[in-house]
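Student: Have a look at the structure that comes next, please.
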Amino acid sequence: MGTISVQNLRKEFVSDDSTVVALENASFEVSGHEFVSVVGPSGCGKSTLLNILSGIEMPTSGVVEITEGGRDARLGYVFQAARLLPWRSVIDNMLFVQEEHDAEARARCERYLDMVELGHTQKKWPGQLSGGMQQRVGIARAFSIEPDVLLMDEPFSHLDAITSRTLRRELHELWDKTGKTVLFVTHDVSEAVELSTRILLFAKGGHLQDDIPVDLPFPRDPASDEVALAKAELLRKFESLDLVAT
Amino acid sequence: MSAIAVRTRPAKRARNRRLSRIIRSPRLARVLSWIAFLVIWQVSIPLLPTLLVPTPAEVAEFMWDEIRGDTLAPQTVYQAFGTSLGRLSLGLAIAFAIGLPIGLLMGLSKKASWFGHDFVVVGLAMPSLVWALIAAMWFGFGTIAPLITVVLAAWTFVAINVAEGVRNVPKDLLDMGKAYGVTRFDSIRYVILPSLMPFFFAALRYALANAWKGLVLAELFASTNGAGWTIKFWYDAHRAQGIIGYALFFVIFALIVERLIFGRLSAYVFRWRPQPGARKEGE
């Protein structure tokens, strides 16, 4: 299982007339079969953090290491929007991110498509699927490369409540079955409490404010008293740290 | 009796609805407009003061003779269009060979875009007639002047569309590939090139339309064959049915290119686009 190690991470965006600090001195570690949520208000550098971890952006300073048994870990990334190539079929979208395009890779893609109950959509174009189904393809794509570490950037934020809840359940089952290390960005406190083993709390300006373990047994019912209490406690912490978006 | 009446009423209503649909259909309006045009044309011939306006029947007869290869001109319609199409194809290939790299450069580099911008805009704004006249003056009669005209009339449309396409390559999809460690070659093949396709088609359409107009003019001034020159032949021969007939051949040619080539090619290349109003699975 993969390990994410982040030390003194800083990211600035410099334009002609201003400098915006997206992340300030962030340090944390995630390892093993953990599901860690990054929670914070809009503009606190959550997505920037994932973009740096995935290599899409370079940090201004600091050290990031994502390893698995002494080698670079394989990364899967589920984005806010599914980011499927509209001109390639569902199965070809899955194959696009595979290292090899052989029969074994195809069989793996088909297996993960079946796991999200979309085996019958292999030959369809992404534009023929609803937003929820496209996002499920995005999740299957990320799992299909059998990553050591899975990065997820608010993957359910564009979906309706029912689809979002179904996908949360499917995601939890996949995580449980595969034992991946997951770093999950969200602004939804309920989602974080329902899915995570730990929550990293970020404030505006990209400061890591708190690292909170969530010691509740799985599966978690979002309507249960324990989840409601944990959520209320987290929201209180938000207020005490002045993190609630205004 | 009453049973028969019950059966016939819906049938009658359905027939009335069908008739009403046909009457209101845009296709009928279009067909009627053409019939009206031909009737007015035929009827007004005796009222016109000149003998140089042919009747629709004379134009049709001219076109039929040409189709059968029976012509007074040095080239049949097939030879004339064959000559012109050869020049057009070669000229467009050269225009793409010039316009593609310039467009790529202008799309990728702001400095290259600033450098080339004014020249491309001038090229877009310049009437094909000017290119035809300049090419005719420089290269005289022959194949070179029409060919150069096609290149000059087309390359700027290629460059500007390719540059715009490169600027519009979806960054989110490139980032997705980067996050998954997709190779540069695969990113170009599966992300950049397909995303350029709509711009490539736009370039081809505009370049073809402008180049064709330029080519006909250049053949008129600086050639001894081709479709443009044959129109001039019929003009010199005072045969208006020849000019109108050739104009109609141009229309037929344009329709064939649009429907049979562009239409089908575009339907195949963009087959992934959702049909308007189509229901998505899972909605």
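Just so we're on the same page: first chain in the structure tokens is A, next is B, and so on; residues restart at 1 for each chain, and ligands are numbered from 1 in the order they show up.
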Within 8 Å of chain B, which residues of chain A show up? Give each one with its shortest atom-to-atom distance in Å (one decimal) and the two atoms involved, counting only C-alpha atoms, rows by chain then rising residue number, as a tab-separated table.
Tutor:
residue	atom	partner	partner_atom	distance
A:Ser54	CA	B:Ala179	CA	5.1
A:Gly55	CA	B:Ala179	CA	6.1
A:Ile56	CA	B:Asp175	CA	6.0
A:Leu75	CA	B:Tyr180	CA	6.7
A:Gly76	CA	B:Tyr180	CA	6.6
A:Tyr77	CA	B:Ala179	CA	7.0
A:Arg83	CA	B:Leu173	CA	6.0
A:Leu84	CA	B:Leu173	CA	7.4
A:Leu85	CA	B:Leu173	CA	7.1
A:Pro86	CA	B:Trp272	CA	6.7
A:Trp87	CA	B:Trp272	CA	5.4
A:Arg88	CA	B:Trp272	CA	7.5
A:Phe96	CA	B:Val182	CA	7.6
A:Val97	CA	B:Tyr180	CA	5.9
A:Gln98	CA	B:Val182	CA	8.0
A:Glu99	CA	B:Val182	CA	7.7
A:Trp125	CA	B:Trp272	CA	5.8
A:Gly127	CA	B:Pro274	CA	5.6
A:Gln128	CA	B:Lys280	CA	4.9
A:Leu129	CA	B:Glu281	CA	4.8
A:Ser130	CA	B:Gly282	CA	5.2
A:Gly132	CA	B:Gly282	CA	7.6
A:Met133	CA	B:Gly282	CA	6.7
Student: Report as CSV: every residue of stretch 64-112 of chain A with an atom at most 10 Å from stretch 45-52 of chain A, its closest pair of atoms, and their distance in Å to one decimal, counting only C-alpha atoms, with rows sorted by chain and ascending residue number.
Tutor:
residue,atom,partner,partner_atom,distance
A:Val64,CA,A:Ile52,CA,8.3
A:Tyr77,CA,A:Leu50,CA,8.7
A:Phe79,CA,A:Ser47,CA,9.4
A:Gln80,CA,A:Ser47,CA,9.4
Student: If you keep C-alpha atoms, can you produce a file of those selected residues as a compact mmCIF listing (two decimals), in the first residue's frame?
Tutor:
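And here's part22.txt as it stands now:
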# COMPACT_ATOMS: atom_id res chain seq x y z
CA VAL A 64 6.45 15.50 -1.78
CA TYR A 77 -6.89 10.36 -9.99
CA PHE A 79 -11.46 14.52 -10.93
CA GLN A 80 -14.39 16.81 -10.12
Student: Report, in Å to a single decimal, how far apart atom CA of A:Val227 and atom CA of A:Ser190 are.
Tutor: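 Distance reported for this atom pair: 7.9 Å.
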Student: Do you know which residues are at most 8 Å from B:Phe157 counting only C-alpha atoms, after dropping those on the same chain fewer than 6 positions away, and could you put them as a PyMOL selection string?
Tutor: chain B and resi 99+124+203+206-207
Student: For the residues in that selection, give me N, CA and C atoms as an mmCIF file, in the first residue's frame.
Tutor:
data_model
loop_
_atom_site.group_PDB
_atom_site.id
_atom_site.type_symbol
_atom_site.label_atom_id
_atom_site.label_comp_id
_atom_site.auth_asym_id
_atom_site.auth_seq_id
_atom_site.Cartn_x
_atom_site.Cartn_y
_atom_site.Cartn_z
ATOM 1 N N GLY B 99 0.157 26.247 -44.219
ATOM 2 C CA GLY B 99 -0.707 26.776 -43.153
ATOM 3 C C GLY B 99 -0.637 25.996 -41.857
ATOM 4 N N LEU B 124 -6.636 36.910 -45.104
ATOM 5 C CA LEU B 124 -8.055 36.569 -44.992
ATOM 6 C C LEU B 124 -8.930 37.614 -45.681
ATOM 7 N N ALA B 203 -11.224 24.768 -41.379
ATOM 8 C CA ALA B 203 -10.143 25.238 -42.258
ATOM 9 C C ALA B 203 -10.358 24.701 -43.669
ATOM 10 N N TYR B 206 -13.517 26.490 -45.408
ATOM 11 C CA TYR B 206 -13.274 27.884 -45.822
ATOM 12 C C TYR B 206 -12.198 27.957 -46.892
ATOM 13 N N ALA B 207 -11.128 27.167 -46.703
ATOM 14 C CA ALA B 207 -10.024 27.198 -47.657
ATOM 15 C C ALA B 207 -10.515 26.726 -49.027
#
Student: Here is a test: counting only C-alpha atoms, which residue of A:Ala161, A:Ile212, A:Val137, A:Ile199 is nearest to A:Leu183?
Tutor: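 For A:Leu183, the nearest of the candidates is A:Ile199.
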